[in-house]
file input-v8.txt (compact mmCIF, C-alpha atoms)
# COMPACT_ATOMS: atom_id res chain seq x y z
CA MET C 20 6.54 -12.72 -12.66
CA ASN C 21 5.28 -14.38 -15.77
CA SER C 22 1.82 -15.33 -14.51
CA ARG C 23 -1.31 -13.62 -15.72
CA PHE C 24 -3.59 -12.45 -12.97
CA PRO C 25 -7.34 -11.83 -13.08
CA ASP C 26 -8.24 -8.28 -14.02
CA PRO C 27 -9.81 -6.89 -12.00
CA LEU C 28 -8.35 -8.64 -9.02
CA PRO C 29 -10.85 -10.53 -6.82
CA ASP C 30 -12.87 -8.78 -4.14
CA CYS C 31 -11.17 -10.99 -1.55
CA TRP C 32 -7.63 -12.29 -1.85
CA LEU C 33 -4.64 -12.76 0.43
CA SER C 34 -0.89 -12.38 0.33
CA ILE C 35 1.05 -14.38 2.91
CA ASP C 36 4.64 -14.12 4.12
CA PRO C 37 5.11 -17.46 5.91
CA GLY C 38 7.30 -18.05 8.90
CA ASP C 39 7.81 -20.68 11.55
CA VAL C 40 6.62 -18.42 14.40
CA HIS C 41 5.30 -15.20 12.85
CA VAL C 42 3.29 -15.12 9.65
CA GLY C 43 2.56 -11.98 7.66
CA TYR C 44 -1.04 -11.85 6.44
CA ALA C 45 -2.38 -9.16 4.13
CA SER C 46 -5.99 -9.07 2.96
CA TRP C 47 -6.99 -7.33 -0.25
CA ASP C 48 -10.12 -5.97 -1.90
CA GLN C 49 -9.11 -5.87 -5.56
CA ASP C 50 -6.09 -3.52 -5.57
CA VAL C 51 -6.54 -2.15 -2.04
CA CYS C 52 -4.81 -3.68 0.96
CA THR C 53 -7.41 -3.72 3.74
CA ALA C 54 -5.14 -5.08 6.49
CA ALA C 55 -1.59 -6.28 7.05
CA VAL C 56 -0.97 -8.09 10.32
CA GLU C 57 1.08 -10.84 11.91
CA MET C 58 -0.36 -14.04 13.32
CA THR C 59 0.72 -17.54 14.24
CA PRO C 60 1.02 -20.22 11.56
CA ASP C 61 -1.97 -22.15 12.97
CA VAL C 62 -4.24 -19.10 13.00
CA CYS C 63 -3.19 -18.27 9.45
CA VAL C 64 -3.85 -21.77 8.10
CA ASP C 65 -7.23 -21.90 9.87
CA THR C 66 -8.22 -18.46 8.55
CA VAL C 67 -7.25 -19.31 4.99
CA TRP C 68 -9.13 -22.63 5.26
CA ASP C 69 -12.27 -20.84 6.47
CA LEU C 70 -12.17 -18.20 3.72
CA ALA C 71 -11.55 -20.83 1.05
CA SER C 72 -14.33 -23.06 2.46
CA TYR C 73 -16.82 -20.18 2.37
CA GLY C 74 -15.95 -19.66 -1.29
CA VAL C 75 -14.93 -16.02 -0.90
CA LEU C 76 -11.19 -16.37 -1.53
CA GLY C 77 -10.34 -15.50 -5.14
CA LEU C 78 -6.52 -15.63 -5.11
CA LEU C 79 -3.83 -16.77 -2.69
CA VAL C 80 -0.29 -15.40 -2.87
CA VAL C 81 2.25 -17.26 -0.71
CA GLU C 82 5.96 -16.52 -0.71
CA ARG C 83 8.04 -19.35 -2.13
CA TYR C 84 10.55 -21.12 0.10
CA THR C 85 13.93 -21.88 -1.40
CA LEU C 86 16.71 -23.58 0.52
CA TYR C 87 19.94 -22.14 -0.82
CA PRO C 88 23.14 -24.21 -0.43
CA TRP C 89 24.82 -21.58 1.72
CA MET C 90 21.84 -21.65 4.12
CA ALA C 91 21.47 -25.43 4.27
CA ALA C 92 23.69 -25.90 7.33
CA GLN C 93 21.44 -23.57 9.36
CA GLN C 94 18.45 -25.79 8.57
CA SER C 95 20.21 -29.01 9.55
CA HIS C 96 18.03 -31.00 11.99
CA SER C 97 15.19 -28.53 11.47
CA GLU C 98 11.58 -29.66 11.10
CA MET C 99 11.26 -27.07 8.32
CA TRP C 100 8.07 -25.46 9.68
CA THR C 101 7.91 -22.74 7.04
CA PRO C 102 7.88 -25.15 4.06
CA GLN C 103 5.31 -27.27 5.90
CA MET C 104 3.07 -24.24 6.24
CA ILE C 105 3.48 -23.39 2.55
CA GLY C 106 2.49 -26.96 1.76
CA ALA C 107 -0.63 -26.67 3.92
CA LEU C 108 -1.63 -23.40 2.23
CA SER C 109 -0.95 -24.87 -1.22
CA HIS C 110 -3.15 -27.83 -0.33
CA ILE C 111 -5.98 -25.54 0.75
CA ALA C 112 -5.76 -23.65 -2.53
CA ARG C 113 -5.81 -26.87 -4.53
CA ARG C 114 -8.71 -28.40 -2.60
CA HIS C 115 -10.83 -25.27 -2.99
CA ASN C 116 -9.78 -24.38 -6.55
CA VAL C 117 -8.24 -21.09 -5.44
CA PRO C 118 -5.57 -19.76 -7.82
CA LEU C 119 -2.16 -19.85 -6.13
CA TYR C 120 0.86 -17.71 -6.93
CA LYS C 121 4.23 -18.18 -5.20
CA PRO C 122 6.64 -15.25 -5.68
CA GLN C 123 10.27 -15.29 -4.62
CA ALA C 124 11.36 -13.30 -1.60
CA SER C 125 14.04 -11.62 -3.69
CA LYS C 126 11.29 -9.73 -5.56
CA LEU C 127 10.56 -7.71 -2.40
CA ASN C 128 13.64 -5.54 -2.93
CA GLY C 129 11.88 -4.17 -5.99
CA VAL C 130 8.98 -3.02 -3.85
CA TYR C 131 10.98 -1.44 -1.04
CA LYS C 132 13.49 0.35 -3.29
CA THR C 133 11.17 1.80 -5.94
CA PRO C 134 8.23 4.19 -6.09
CA LEU C 135 5.97 1.19 -5.36
CA ALA C 136 6.95 1.67 -1.70
CA THR C 137 4.84 4.82 -1.52
CA ARG C 138 1.76 2.63 -1.95
CA LEU C 139 2.48 0.52 1.12
CA HIS C 140 0.44 1.20 4.24
CA LYS C 141 1.86 3.73 6.62
CA HIS C 142 1.63 1.34 9.55
CA GLN C 143 0.86 2.75 12.96
CA GLY C 144 3.47 1.36 15.32
CA THR C 145 5.39 -1.65 14.12
CA PRO C 146 3.26 -4.42 12.61
CA GLY C 147 6.31 -6.60 12.15
CA LYS C 148 8.52 -7.45 9.20
CA HIS C 149 6.32 -10.34 8.09
CA ALA C 150 3.21 -8.14 7.88
CA LYS C 151 5.06 -5.58 5.77
CA ASP C 152 6.47 -8.31 3.52
CA ALA C 153 3.02 -9.88 3.08
CA GLU C 154 1.68 -6.53 1.92
CA ALA C 155 4.66 -6.08 -0.40
CA HIS C 156 4.02 -9.49 -2.01
CA GLY C 157 0.46 -8.39 -2.69
CA LEU C 158 1.56 -5.06 -4.06
CA LEU C 159 3.75 -6.89 -6.58
CA VAL C 160 0.61 -8.66 -7.83
CA VAL C 161 -1.25 -5.35 -8.07
CA TRP C 162 1.67 -3.90 -10.04
CA GLN C 163 1.70 -6.94 -12.35
CA VAL C 164 -2.02 -6.46 -13.10
CA GLU C 165 -1.36 -2.80 -13.89
CA MET C 166 1.44 -3.86 -16.26
CA GLN C 167 -0.91 -6.37 -17.93
CA ARG C 168 -3.42 -3.56 -18.52
CA GLU C 169 -0.74 -1.50 -20.23
CA GLY C 170 0.33 -4.47 -22.36
CA MET C 171 3.75 -4.62 -20.75
CA ALA C 172 3.44 -8.04 -19.13
call {"tool": "encode", "arguments": {"input": "input-v8.txt", "output": "structure tokens"}}
result
Amino acid sequence: MNSRFPDPLPDCWLSIDPGDVHVGYASWDQDVCTAAVEMTPDVCVDTVWDLASYGVLGLLVVERYTLYPWMAAQQSHSEMWTPQMIGALSHIARRHNVPLYKPQASKLNGVYKTPLATRLHKHQGTPGKHAKDAEAHGLLVVWQVEMQREGMA
């Protein structure tokens, strides 16, 4: 993560773990995750559009999609819904001048296997893998801001 993030983080920002059926959506107030839920792609895109249109969205974090050669056969004849959604969210960010950051999914292992994991919500029930991953993407941004403060990023 070589991007510099605003410090402090915005009062309202989102981290999204996109999917073709289930989308993880985490909302943040500076460095505090206020909710981590799953929703449909359409509801997510509409919600992000509304927040960006109202001018309250200060940062959008959307997991990057990478098609690896060994996974390409599985995507054959696919309409590629997840990359389409990422494109729609990227467009919203661009149209509304919202800073956009797209981390790689592989960075999530660093969250789940380190002391950062203690900062994740203790979800009641099972919110779904996408909701947990959306929160983890946001936590990586929070961690990066903390590293910037310490001069280590």
call {"tool": "closest_residue", "arguments": {"input": "input-v8.txt", "among": "C:Leu127, C:Val42, C:Val164, C:Leu108", "to": "Pro29 (chain C)", "atoms": "all atoms listed in the file"}}
result
C:Val164
call {"tool": "atom_distance", "arguments": {"input": "input-v8.txt", "atom1": "CA of Tyr84 (chain C)", "atom2": "CA of Ala155 (chain C)"}}
result
16.2 Å
call {"tool": "atom_distance", "arguments": {"input": "input-v8.txt", "atom1": "CA of Ala150 (chain C)", "atom2": "CA of Met166 (chain C)"}}
result
24.6 Å
call {"tool": "closest_residue", "arguments": {"input": "input-v8.txt", "among": "C:Lys121, C:Lys151, C:Arg114, C:His41", "to": "Ala54 (chain C)", "atoms": "only C-alpha atoms"}}
result
C:Lys151
call {"tool": "atom_distance", "arguments": {"input": "input-v8.txt", "atom1": "CA of Val160 (chain C)", "atom2": "CA of Phe24 (chain C)"}}
result
7.6 Å
call {"tool": "closest_residue", "arguments": {"input": "input-v8.txt", "among": "C:Asp36, C:Asp48, C:Glu82, C:Asp152", "to": "Cys63 (chain C)", "atoms": "all atoms listed in the file"}}
result
C:Asp36
call {"tool": "closest_residue", "arguments": {"input": "input-v8.txt", "among": "C:His156, C:Ala71, C:Asp50, C:Asp30", "to": "Arg83 (chain C)", "atoms": "all atoms listed in the file"}}
result
C:His156
